[in-house]
Amino acid sequence: MTLRVRVDLGEINAALDGVADGAVEAARPAAQAAAQVIYDQVKINVSKIGRKTGRLASSIYQAFSQDSTPGRAVYDVSWNPRKAPHAYLVEYGHVSRFRVYFNDQTGKFVTVKSQPNPSPEIVAARPYMRPAIASFPRAEQAMRERFFEEMQKRGVGR
């Protein structure tokens, strides 16, 4: 005796395809929500350093990365080195071997290499990017919440 059972998984497969498509579409807004938390924290950290020209604060950005692929959204949070070439020196500290002054006409700091300091001055780091790592748990939570919100918009419940 033979018993045959036929199961049509077409509807299940279609539903799973819908979930997968929804997840791919939800990846970018979810990643942006996480990036926004990190970006906001970096901006707060920069504001705590104090303002001299405002270039560092205005150089902080978040951008959708070209390293992204379907279903894998990547955002970069960093500083623009053209706007703030000194940003790395602020983040990590440096040794100042020459006289530095602020040029009021150009609004820029100028290093006078013909006038060495009597002894090298160690300028302490004032990190603003690295401390933002502490906000990763909040960023991850924001990402999860946004992901599930986007999935619900697409008809896929939690």
# chains A, B, ... in the order shown; residues from 1 in each chain; ligands from 1

call {"tool": "select_by_dssp", "arguments": {"residues": "segment 53-109 of chain A", "states": "strand (DSSP E or B)", "output": "PDB file with all heavy atoms, in the first residue's frame"}}
result
ATOM      1  N   ILE A  60      31.798  67.290  10.136  1.00  0.00           N
ATOM      2  CA  ILE A  60      31.256  65.982  10.513  1.00  0.00           C
ATOM      3  C   ILE A  60      30.093  65.653   9.570  1.00  0.00           C
ATOM      4  O   ILE A  60      29.234  66.486   9.310  1.00  0.00           O
ATOM      5  CB  ILE A  60      30.775  65.987  11.981  1.00  0.00           C
ATOM      6  CG1 ILE A  60      31.899  66.411  12.920  1.00  0.00           C
ATOM      7  CG2 ILE A  60      30.216  64.622  12.369  1.00  0.00           C
ATOM      8  CD1 ILE A  60      33.124  65.529  12.897  1.00  0.00           C
ATOM      9  N   TYR A  61      30.082  64.425   9.059  1.00  0.00           N
ATOM     10  CA  TYR A  61      29.028  64.023   8.125  1.00  0.00           C
ATOM     11  C   TYR A  61      28.659  62.570   8.316  1.00  0.00           C
ATOM     12  O   TYR A  61      29.385  61.797   8.937  1.00  0.00           O
ATOM     13  CB  TYR A  61      29.474  64.247   6.669  1.00  0.00           C
ATOM     14  CG  TYR A  61      30.544  63.279   6.221  1.00  0.00           C
ATOM     15  CD1 TYR A  61      30.202  62.044   5.658  1.00  0.00           C
ATOM     16  CD2 TYR A  61      31.895  63.576   6.381  1.00  0.00           C
ATOM     17  CE1 TYR A  61      31.182  61.146   5.256  1.00  0.00           C
ATOM     18  CE2 TYR A  61      32.875  62.679   5.974  1.00  0.00           C
ATOM     19  CZ  TYR A  61      32.515  61.476   5.419  1.00  0.00           C
ATOM     20  OH  TYR A  61      33.477  60.581   5.033  1.00  0.00           O
ATOM     21  N   GLN A  62      27.503  62.212   7.778  1.00  0.00           N
ATOM     22  CA  GLN A  62      27.116  60.821   7.613  1.00  0.00           C
ATOM     23  C   GLN A  62      26.700  60.658   6.162  1.00  0.00           C
ATOM     24  O   GLN A  62      26.065  61.552   5.595  1.00  0.00           O
ATOM     25  CB  GLN A  62      25.995  60.419   8.564  1.00  0.00           C
ATOM     26  CG  GLN A  62      24.707  61.154   8.364  1.00  0.00           C
ATOM     27  CD  GLN A  62      23.577  60.555   9.174  1.00  0.00           C
ATOM     28  OE1 GLN A  62      23.351  59.361   9.107  1.00  0.00           O
ATOM     29  NE2 GLN A  62      22.901  61.389   9.944  1.00  0.00           N
ATOM     30  N   ALA A  63      27.077  59.543   5.567  1.00  0.00           N
ATOM     31  CA  ALA A  63      26.770  59.339   4.154  1.00  0.00           C
ATOM     32  C   ALA A  63      26.556  57.862   3.866  1.00  0.00           C
ATOM     33  O   ALA A  63      27.218  57.001   4.454  1.00  0.00           O
ATOM     34  CB  ALA A  63      27.911  59.863   3.283  1.00  0.00           C
ATOM     35  N   PHE A  64      25.643  57.585   2.974  1.00  0.00           N
ATOM     36  CA  PHE A  64      25.407  56.227   2.504  1.00  0.00           C
ATOM     37  C   PHE A  64      26.634  55.788   1.717  1.00  0.00           C
ATOM     38  O   PHE A  64      27.098  56.497   0.829  1.00  0.00           O
ATOM     39  CB  PHE A  64      24.154  56.199   1.632  1.00  0.00           C
ATOM     40  CG  PHE A  64      23.741  54.823   1.209  1.00  0.00           C
ATOM     41  CD1 PHE A  64      23.320  53.891   2.137  1.00  0.00           C
ATOM     42  CD2 PHE A  64      23.755  54.469  -0.125  1.00  0.00           C
ATOM     43  CE1 PHE A  64      22.916  52.620   1.744  1.00  0.00           C
ATOM     44  CE2 PHE A  64      23.355  53.207  -0.531  1.00  0.00           C
ATOM     45  CZ  PHE A  64      22.938  52.273   0.403  1.00  0.00           C
ATOM     46  N   THR A  69      25.514  46.876  -0.363  1.00  0.00           N
ATOM     47  CA  THR A  69      25.011  45.922  -1.354  1.00  0.00           C
ATOM     48  C   THR A  69      23.530  45.703  -1.036  1.00  0.00           C
ATOM     49  O   THR A  69      23.080  46.063   0.050  1.00  0.00           O
ATOM     50  CB  THR A  69      25.769  44.576  -1.275  1.00  0.00           C
ATOM     51  OG1 THR A  69      25.628  44.047   0.049  1.00  0.00           O
ATOM     52  CG2 THR A  69      27.237  44.739  -1.605  1.00  0.00           C
ATOM     53  N   ARG A  72      22.441  44.903   2.546  1.00  0.00           N
ATOM     54  CA  ARG A  72      23.537  45.266   3.457  1.00  0.00           C
ATOM     55  C   ARG A  72      23.833  46.746   3.251  1.00  0.00           C
ATOM     56  O   ARG A  72      24.581  47.123   2.349  1.00  0.00           O
ATOM     57  CB  ARG A  72      24.787  44.443   3.165  1.00  0.00           C
ATOM     58  CG  ARG A  72      25.937  44.762   4.090  1.00  0.00           C
ATOM     59  CD  ARG A  72      27.140  43.862   3.766  1.00  0.00           C
ATOM     60  NE  ARG A  72      28.277  44.252   4.551  1.00  0.00           N
ATOM     61  CZ  ARG A  72      29.222  45.100   4.156  1.00  0.00           C
ATOM     62  NH1 ARG A  72      29.166  45.634   2.951  1.00  0.00           N
ATOM     63  NH2 ARG A  72      30.215  45.419   4.933  1.00  0.00           N
ATOM     64  N   TYR A  75      26.602  52.940   6.275  1.00  0.00           N
ATOM     65  CA  TYR A  75      26.708  54.395   6.379  1.00  0.00           C
ATOM     66  C   TYR A  75      28.056  54.729   6.998  1.00  0.00           C
ATOM     67  O   TYR A  75      28.520  54.032   7.899  1.00  0.00           O
ATOM     68  CB  TYR A  75      25.592  54.981   7.258  1.00  0.00           C
ATOM     69  CG  TYR A  75      24.329  55.251   6.489  1.00  0.00           C
ATOM     70  CD1 TYR A  75      23.443  54.229   6.209  1.00  0.00           C
ATOM     71  CD2 TYR A  75      24.029  56.524   6.038  1.00  0.00           C
ATOM     72  CE1 TYR A  75      22.284  54.472   5.483  1.00  0.00           C
ATOM     73  CE2 TYR A  75      22.879  56.772   5.318  1.00  0.00           C
ATOM     74  CZ  TYR A  75      22.012  55.745   5.052  1.00  0.00           C
ATOM     75  OH  TYR A  75      20.876  55.989   4.331  1.00  0.00           O
ATOM     76  N   ASP A  76      28.674  55.780   6.517  1.00  0.00           N
ATOM     77  CA  ASP A  76      29.921  56.274   7.080  1.00  0.00           C
ATOM     78  C   ASP A  76      29.623  57.511   7.913  1.00  0.00           C
ATOM     79  O   ASP A  76      28.858  58.377   7.490  1.00  0.00           O
ATOM     80  CB  ASP A  76      30.903  56.670   5.964  1.00  0.00           C
ATOM     81  CG  ASP A  76      31.329  55.476   5.116  1.00  0.00           C
ATOM     82  OD1 ASP A  76      31.465  54.375   5.671  1.00  0.00           O
ATOM     83  OD2 ASP A  76      31.520  55.661   3.903  1.00  0.00           O
ATOM     84  N   VAL A  77      30.220  57.571   9.094  1.00  0.00           N
ATOM     85  CA  VAL A  77      30.171  58.768   9.921  1.00  0.00           C
ATOM     86  C   VAL A  77      31.628  59.156  10.132  1.00  0.00           C
ATOM     87  O   VAL A  77      32.420  58.365  10.657  1.00  0.00           O
ATOM     88  CB  VAL A  77      29.477  58.515  11.273  1.00  0.00           C
ATOM     89  CG1 VAL A  77      29.522  59.765  12.135  1.00  0.00           C
ATOM     90  CG2 VAL A  77      28.039  58.055  11.060  1.00  0.00           C
ATOM     91  N   SER A  78      31.996  60.341   9.689  1.00  0.00           N
ATOM     92  CA  SER A  78      33.392  60.759   9.761  1.00  0.00           C
ATOM     93  C   SER A  78      33.470  62.271   9.658  1.00  0.00           C
ATOM     94  O   SER A  78      32.487  62.964   9.843  1.00  0.00           O
ATOM     95  CB  SER A  78      34.202  60.090   8.638  1.00  0.00           C
ATOM     96  OG  SER A  78      35.581  60.301   8.830  1.00  0.00           O
ATOM     97  N   TRP A  79      34.681  62.753   9.325  1.00  0.00           N
ATOM     98  CA  TRP A  79      34.881  64.179   9.090  1.00  0.00           C
ATOM     99  C   TRP A  79      35.442  64.357   7.703  1.00  0.00           C
ATOM    100  O   TRP A  79      36.080  63.467   7.149  1.00  0.00           O
ATOM    101  CB  TRP A  79      35.823  64.797  10.130  1.00  0.00           C
ATOM    102  CG  TRP A  79      37.245  64.322  10.045  1.00  0.00           C
ATOM    103  CD1 TRP A  79      38.223  64.762   9.198  1.00  0.00           C
ATOM    104  CD2 TRP A  79      37.866  63.299  10.814  1.00  0.00           C
ATOM    105  NE1 TRP A  79      39.394  64.089   9.400  1.00  0.00           N
ATOM    106  CE2 TRP A  79      39.206  63.183  10.402  1.00  0.00           C
ATOM    107  CE3 TRP A  79      37.410  62.465  11.837  1.00  0.00           C
ATOM    108  CZ2 TRP A  79      40.090  62.262  10.958  1.00  0.00           C
ATOM    109  CZ3 TRP A  79      38.301  61.558  12.388  1.00  0.00           C
ATOM    110  CH2 TRP A  79      39.617  61.474  11.942  1.00  0.00           C
ATOM    111  N   HIS A  94      48.928  65.363  19.036  1.00  0.00           N
ATOM    112  CA  HIS A  94      50.111  65.488  18.180  1.00  0.00           C
ATOM    113  C   HIS A  94      51.213  66.232  18.915  1.00  0.00           C
ATOM    114  O   HIS A  94      51.013  66.752  20.006  1.00  0.00           O
ATOM    115  CB  HIS A  94      49.762  66.214  16.874  1.00  0.00           C
ATOM    116  CG  HIS A  94      49.264  67.609  17.089  1.00  0.00           C
ATOM    117  ND1 HIS A  94      47.987  67.901  17.522  1.00  0.00           N
ATOM    118  CD2 HIS A  94      49.865  68.815  16.940  1.00  0.00           C
ATOM    119  CE1 HIS A  94      47.827  69.201  17.614  1.00  0.00           C
ATOM    120  NE2 HIS A  94      48.957  69.786  17.264  1.00  0.00           N
ATOM    121  N   VAL A  95      52.349  66.263  18.289  1.00  0.00           N
ATOM    122  CA  VAL A  95      53.489  67.021  18.817  1.00  0.00           C
ATOM    123  C   VAL A  95      53.651  68.249  17.927  1.00  0.00           C
ATOM    124  O   VAL A  95      53.746  68.136  16.705  1.00  0.00           O
ATOM    125  CB  VAL A  95      54.785  66.175  18.805  1.00  0.00           C
ATOM    126  CG1 VAL A  95      55.970  67.011  19.247  1.00  0.00           C
ATOM    127  CG2 VAL A  95      54.615  64.957  19.696  1.00  0.00           C
ATOM    128  N   SER A  96      53.662  69.412  18.556  1.00  0.00           N
ATOM    129  CA  SER A  96      53.821  70.655  17.822  1.00  0.00           C
ATOM    130  C   SER A  96      55.285  71.095  17.922  1.00  0.00           C
ATOM    131  O   SER A  96      55.756  71.458  18.991  1.00  0.00           O
ATOM    132  CB  SER A  96      52.898  71.732  18.411  1.00  0.00           C
ATOM    133  OG  SER A  96      53.074  72.942  17.721  1.00  0.00           O
ATOM    134  N   ARG A  97      55.980  71.026  16.805  1.00  0.00           N
ATOM    135  CA  ARG A  97      57.412  71.379  16.814  1.00  0.00           C
ATOM    136  C   ARG A  97      57.667  72.809  16.385  1.00  0.00           C
ATOM    137  O   ARG A  97      58.765  73.314  16.542  1.00  0.00           O
ATOM    138  CB  ARG A  97      58.176  70.427  15.899  1.00  0.00           C
ATOM    139  CG  ARG A  97      58.117  68.978  16.380  1.00  0.00           C
ATOM    140  CD  ARG A  97      58.911  68.048  15.508  1.00  0.00           C
ATOM    141  NE  ARG A  97      58.447  68.134  14.126  1.00  0.00           N
ATOM    142  CZ  ARG A  97      59.200  67.844  13.075  1.00  0.00           C
ATOM    143  NH1 ARG A  97      60.434  67.463  13.228  1.00  0.00           N
ATOM    144  NH2 ARG A  97      58.721  67.936  11.866  1.00  0.00           N
ATOM    145  N   PHE A  98      56.639  73.476  15.829  1.00  0.00           N
ATOM    146  CA  PHE A  98      56.825  74.823  15.308  1.00  0.00           C
ATOM    147  C   PHE A  98      55.773  75.774  15.884  1.00  0.00           C
ATOM    148  O   PHE A  98      54.740  75.351  16.387  1.00  0.00           O
ATOM    149  CB  PHE A  98      56.722  74.826  13.781  1.00  0.00           C
ATOM    150  CG  PHE A  98      57.687  73.902  13.116  1.00  0.00           C
ATOM    151  CD1 PHE A  98      57.293  72.645  12.670  1.00  0.00           C
ATOM    152  CD2 PHE A  98      59.015  74.270  12.962  1.00  0.00           C
ATOM    153  CE1 PHE A  98      58.194  71.788  12.066  1.00  0.00           C
ATOM    154  CE2 PHE A  98      59.922  73.419  12.355  1.00  0.00           C
ATOM    155  CZ  PHE A  98      59.513  72.178  11.913  1.00  0.00           C
ATOM    156  N   ARG A  99      56.051  77.051  15.778  1.00  0.00           N
ATOM    157  CA  ARG A  99      55.120  78.074  16.247  1.00  0.00           C
ATOM    158  C   ARG A  99      53.860  78.038  15.383  1.00  0.00           C
ATOM    159  O   ARG A  99      53.915  77.891  14.158  1.00  0.00           O
ATOM    160  CB  ARG A  99      55.779  79.449  16.152  1.00  0.00           C
ATOM    161  CG  ARG A  99      54.880  80.561  16.637  1.00  0.00           C
ATOM    162  CD  ARG A  99      55.644  81.891  16.692  1.00  0.00           C
ATOM    163  NE  ARG A  99      54.683  82.952  16.976  1.00  0.00           N
ATOM    164  CZ  ARG A  99      54.125  83.720  16.059  1.00  0.00           C
ATOM    165  NH1 ARG A  99      54.456  83.595  14.796  1.00  0.00           N
ATOM    166  NH2 ARG A  99      53.256  84.648  16.398  1.00  0.00           N
ATOM    167  N   VAL A 100      52.719  78.184  16.040  1.00  0.00           N
ATOM    168  CA  VAL A 100      51.431  78.192  15.352  1.00  0.00           C
ATOM    169  C   VAL A 100      50.669  79.435  15.798  1.00  0.00           C
ATOM    170  O   VAL A 100      50.675  79.773  16.979  1.00  0.00           O
ATOM    171  CB  VAL A 100      50.610  76.928  15.696  1.00  0.00           C
ATOM    172  CG1 VAL A 100      49.238  76.980  15.046  1.00  0.00           C
ATOM    173  CG2 VAL A 100      51.346  75.673  15.275  1.00  0.00           C
ATOM    174  N   TYR A 101      50.060  80.122  14.850  1.00  0.00           N
ATOM    175  CA  TYR A 101      49.239  81.277  15.206  1.00  0.00           C
ATOM    176  C   TYR A 101      47.984  81.276  14.343  1.00  0.00           C
ATOM    177  O   TYR A 101      47.926  80.626  13.303  1.00  0.00           O
ATOM    178  CB  TYR A 101      50.008  82.592  15.076  1.00  0.00           C
ATOM    179  CG  TYR A 101      50.268  83.025  13.650  1.00  0.00           C
ATOM    180  CD1 TYR A 101      49.399  83.899  13.011  1.00  0.00           C
ATOM    181  CD2 TYR A 101      51.384  82.564  12.950  1.00  0.00           C
ATOM    182  CE1 TYR A 101      49.622  84.286  11.701  1.00  0.00           C
ATOM    183  CE2 TYR A 101      51.613  82.952  11.641  1.00  0.00           C
ATOM    184  CZ  TYR A 101      50.729  83.810  11.028  1.00  0.00           C
ATOM    185  OH  TYR A 101      50.937  84.194   9.737  1.00  0.00           O
ATOM    186  N   PHE A 102      46.999  82.038  14.796  1.00  0.00           N
ATOM    187  CA  PHE A 102      45.742  82.158  14.075  1.00  0.00           C
ATOM    188  C   PHE A 102      45.762  83.420  13.228  1.00  0.00           C
ATOM    189  O   PHE A 102      45.997  84.505  13.732  1.00  0.00           O
ATOM    190  CB  PHE A 102      44.565  82.211  15.058  1.00  0.00           C
ATOM    191  CG  PHE A 102      43.225  82.200  14.387  1.00  0.00           C
ATOM    192  CD1 PHE A 102      42.730  81.039  13.822  1.00  0.00           C
ATOM    193  CD2 PHE A 102      42.461  83.358  14.304  1.00  0.00           C
ATOM    194  CE1 PHE A 102      41.484  81.020  13.202  1.00  0.00           C
ATOM    195  CE2 PHE A 102      41.224  83.355  13.680  1.00  0.00           C
ATOM    196  CZ  PHE A 102      40.735  82.175  13.129  1.00  0.00           C
ATOM    197  N   ASN A 103      45.554  83.268  11.935  1.00  0.00           N
ATOM    198  CA  ASN A 103      45.533  84.393  11.007  1.00  0.00           C
ATOM    199  C   ASN A 103      44.096  84.920  10.926  1.00  0.00           C
ATOM    200  O   ASN A 103      43.211  84.256  10.392  1.00  0.00           O
ATOM    201  CB  ASN A 103      46.026  83.947   9.626  1.00  0.00           C
ATOM    202  CG  ASN A 103      46.140  85.090   8.653  1.00  0.00           C
ATOM    203  OD1 ASN A 103      45.365  86.038   8.694  1.00  0.00           O
ATOM    204  ND2 ASN A 103      47.094  84.991   7.747  1.00  0.00           N
ATOM    205  N   LYS A 108      42.356  81.027   9.463  1.00  0.00           N
ATOM    206  CA  LYS A 108      43.003  79.715   9.539  1.00  0.00           C
ATOM    207  C   LYS A 108      44.198  79.774  10.475  1.00  0.00           C
ATOM    208  O   LYS A 108      44.802  80.824  10.688  1.00  0.00           O
ATOM    209  CB  LYS A 108      43.477  79.265   8.157  1.00  0.00           C
ATOM    210  CG  LYS A 108      42.357  79.009   7.181  1.00  0.00           C
ATOM    211  CD  LYS A 108      42.888  78.503   5.865  1.00  0.00           C
ATOM    212  CE  LYS A 108      41.748  78.231   4.905  1.00  0.00           C
ATOM    213  NZ  LYS A 108      42.221  77.654   3.663  1.00  0.00           N
ATOM    214  N   PHE A 109      44.557  78.608  10.999  1.00  0.00           N
ATOM    215  CA  PHE A 109      45.773  78.491  11.780  1.00  0.00           C
ATOM    216  C   PHE A 109      46.943  78.309  10.821  1.00  0.00           C
ATOM    217  O   PHE A 109      46.822  77.640   9.799  1.00  0.00           O
ATOM    218  CB  PHE A 109      45.692  77.300  12.742  1.00  0.00           C
ATOM    219  CG  PHE A 109      44.822  77.571  13.930  1.00  0.00           C
ATOM    220  CD1 PHE A 109      43.469  77.276  13.898  1.00  0.00           C
ATOM    221  CD2 PHE A 109      45.346  78.143  15.072  1.00  0.00           C
ATOM    222  CE1 PHE A 109      42.655  77.534  14.985  1.00  0.00           C
ATOM    223  CE2 PHE A 109      44.545  78.416  16.168  1.00  0.00           C
ATOM    224  CZ  PHE A 109      43.207  78.110  16.129  1.00  0.00           C
TER     225      PHE A 109
END

call {"tool": "closest_residue", "arguments": {"among": "A:Phe136, A:Arg28, A:Ile38, A:Pro81", "to": "Ser68 of chain A", "atoms": "only C-alpha atoms"}}
result
A:Arg28

call {"tool": "residues_around", "arguments": {"residues": "Ile44 of chain A", "least_positions_apart": "3", "cutoff": "12 Å", "atoms": "only C-alpha atoms", "output": "number ranges by chain"}}
result
A: 37-41, 47-50, 57, 60, 127-129, 131-132, 135

call {"tool": "write_last_selection", "arguments": {"atoms": "N, CA and C atoms", "output": "PDB file, in the first residue's frame"}}
result
ATOM      1  N   VAL A  37      22.307  57.986  15.285  1.00  0.00           N
ATOM      2  CA  VAL A  37      22.669  57.986  16.710  1.00  0.00           C
ATOM      3  C   VAL A  37      24.159  58.269  16.874  1.00  0.00           C
ATOM      4  N   ILE A  38      24.989  57.605  16.065  1.00  0.00           N
ATOM      5  CA  ILE A  38      26.440  57.811  16.142  1.00  0.00           C
ATOM      6  C   ILE A  38      26.782  59.244  15.733  1.00  0.00           C
ATOM      7  N   TYR A  39      26.200  59.715  14.641  1.00  0.00           N
ATOM      8  CA  TYR A  39      26.433  61.075  14.149  1.00  0.00           C
ATOM      9  C   TYR A  39      26.086  62.114  15.224  1.00  0.00           C
ATOM     10  N   ASP A  40      24.919  61.954  15.826  1.00  0.00           N
ATOM     11  CA  ASP A  40      24.501  62.898  16.872  1.00  0.00           C
ATOM     12  C   ASP A  40      25.486  62.900  18.039  1.00  0.00           C
ATOM     13  N   GLN A  41      25.979  61.712  18.416  1.00  0.00           N
ATOM     14  CA  GLN A  41      26.923  61.638  19.525  1.00  0.00           C
ATOM     15  C   GLN A  41      28.251  62.290  19.162  1.00  0.00           C
ATOM     16  N   SER A  47      31.118  69.406  20.148  1.00  0.00           N
ATOM     17  CA  SER A  47      30.693  70.644  20.803  1.00  0.00           C
ATOM     18  C   SER A  47      31.322  70.785  22.189  1.00  0.00           C
ATOM     19  N   LYS A  48      31.649  69.674  22.825  1.00  0.00           N
ATOM     20  CA  LYS A  48      32.279  69.717  24.154  1.00  0.00           C
ATOM     21  C   LYS A  48      33.741  70.147  24.082  1.00  0.00           C
ATOM     22  N   ILE A  49      34.358  70.000  22.931  1.00  0.00           N
ATOM     23  CA  ILE A  49      35.766  70.384  22.767  1.00  0.00           C
ATOM     24  C   ILE A  49      35.913  71.897  22.843  1.00  0.00           C
ATOM     25  N   GLY A  50      34.940  72.598  22.322  1.00  0.00           N
ATOM     26  CA  GLY A  50      35.029  74.054  22.240  1.00  0.00           C
ATOM     27  C   GLY A  50      35.241  74.460  20.792  1.00  0.00           C
ATOM     28  N   ALA A  57      33.338  71.123  13.524  1.00  0.00           N
ATOM     29  CA  ALA A  57      31.910  70.814  13.680  1.00  0.00           C
ATOM     30  C   ALA A  57      31.210  70.720  12.328  1.00  0.00           C
ATOM     31  N   ILE A  60      31.798  67.290  10.136  1.00  0.00           N
ATOM     32  CA  ILE A  60      31.256  65.982  10.513  1.00  0.00           C
ATOM     33  C   ILE A  60      30.093  65.653   9.570  1.00  0.00           C
ATOM     34  N   PRO A 127      39.575  63.402  21.836  1.00  0.00           N
ATOM     35  CA  PRO A 127      38.803  62.532  20.943  1.00  0.00           C
ATOM     36  C   PRO A 127      37.313  62.863  20.934  1.00  0.00           C
ATOM     37  N   TYR A 128      36.745  62.740  19.776  1.00  0.00           N
ATOM     38  CA  TYR A 128      35.315  62.973  19.589  1.00  0.00           C
ATOM     39  C   TYR A 128      34.677  61.831  18.820  1.00  0.00           C
ATOM     40  N   MET A 129      35.460  61.132  17.985  1.00  0.00           N
ATOM     41  CA  MET A 129      34.937  59.979  17.242  1.00  0.00           C
ATOM     42  C   MET A 129      34.961  58.714  18.107  1.00  0.00           C
ATOM     43  N   PRO A 131      35.013  58.156  21.383  1.00  0.00           N
ATOM     44  CA  PRO A 131      34.030  58.020  22.461  1.00  0.00           C
ATOM     45  C   PRO A 131      32.614  57.720  21.960  1.00  0.00           C
ATOM     46  N   ALA A 132      32.342  58.024  20.712  1.00  0.00           N
ATOM     47  CA  ALA A 132      31.013  57.739  20.154  1.00  0.00           C
ATOM     48  C   ALA A 132      30.748  56.237  20.085  1.00  0.00           C
ATOM     49  N   SER A 135      28.103  54.744  22.224  1.00  0.00           N
ATOM     50  CA  SER A 135      26.685  54.850  21.861  1.00  0.00           C
ATOM     51  C   SER A 135      26.237  53.724  20.919  1.00  0.00           C
TER      52      SER A 135
END

call {"tool": "select_by_dssp", "arguments": {"residues": "chain A", "states": "alpha helix (DSSP H)", "output": "PyMOL selection string"}}
result
chain A and resi 10-49+55-59+87-92+136-153

call {"tool": "closest_residue", "arguments": {"among": "A:Gly93, A:His86, A:Val24, A:Lys43", "to": "Ala125 of chain A", "atoms": "only C-alpha atoms"}}
result
A:Gly93

call {"tool": "atom_distance", "arguments": {"atom1": "atom CA of Arg138 of chain A", "atom2": "atom CA of Ala84 of chain A"}}
result
27.7 Å

call {"tool": "residues_around", "arguments": {"residues": "Ala26 of chain A", "least_positions_apart": "3", "cutoff": "7 Å", "atoms": "only C-alpha atoms", "output": "ChimeraX atom specification"}}
result
/A:22-23,29-30,147,150-151

call {"tool": "write_last_selection", "arguments": {"atoms": "C-alpha atoms", "output": "PDB file, in the first residue's frame"}}
result
ATOM      1  CA  GLY A  22      10.994  43.535   2.766  1.00  0.00           C
ATOM      2  CA  ALA A  23      14.174  42.903   4.743  1.00  0.00           C
ATOM      3  CA  PRO A  29      16.474  53.024   6.738  1.00  0.00           C
ATOM      4  CA  ALA A  30      17.536  50.803   9.652  1.00  0.00           C
ATOM      5  CA  PHE A 147      13.949  47.694  10.908  1.00  0.00           C
ATOM      6  CA  GLU A 150       9.842  49.182   8.145  1.00  0.00           C
ATOM      7  CA  MET A 151       8.930  45.497   8.055  1.00  0.00           C
TER       8      MET A 151
END

call {"tool": "atom_distance", "arguments": {"atom1": "atom CA of Asp67 of chain A", "atom2": "atom CA of Val46 of chain A"}}
result
26.6 Å
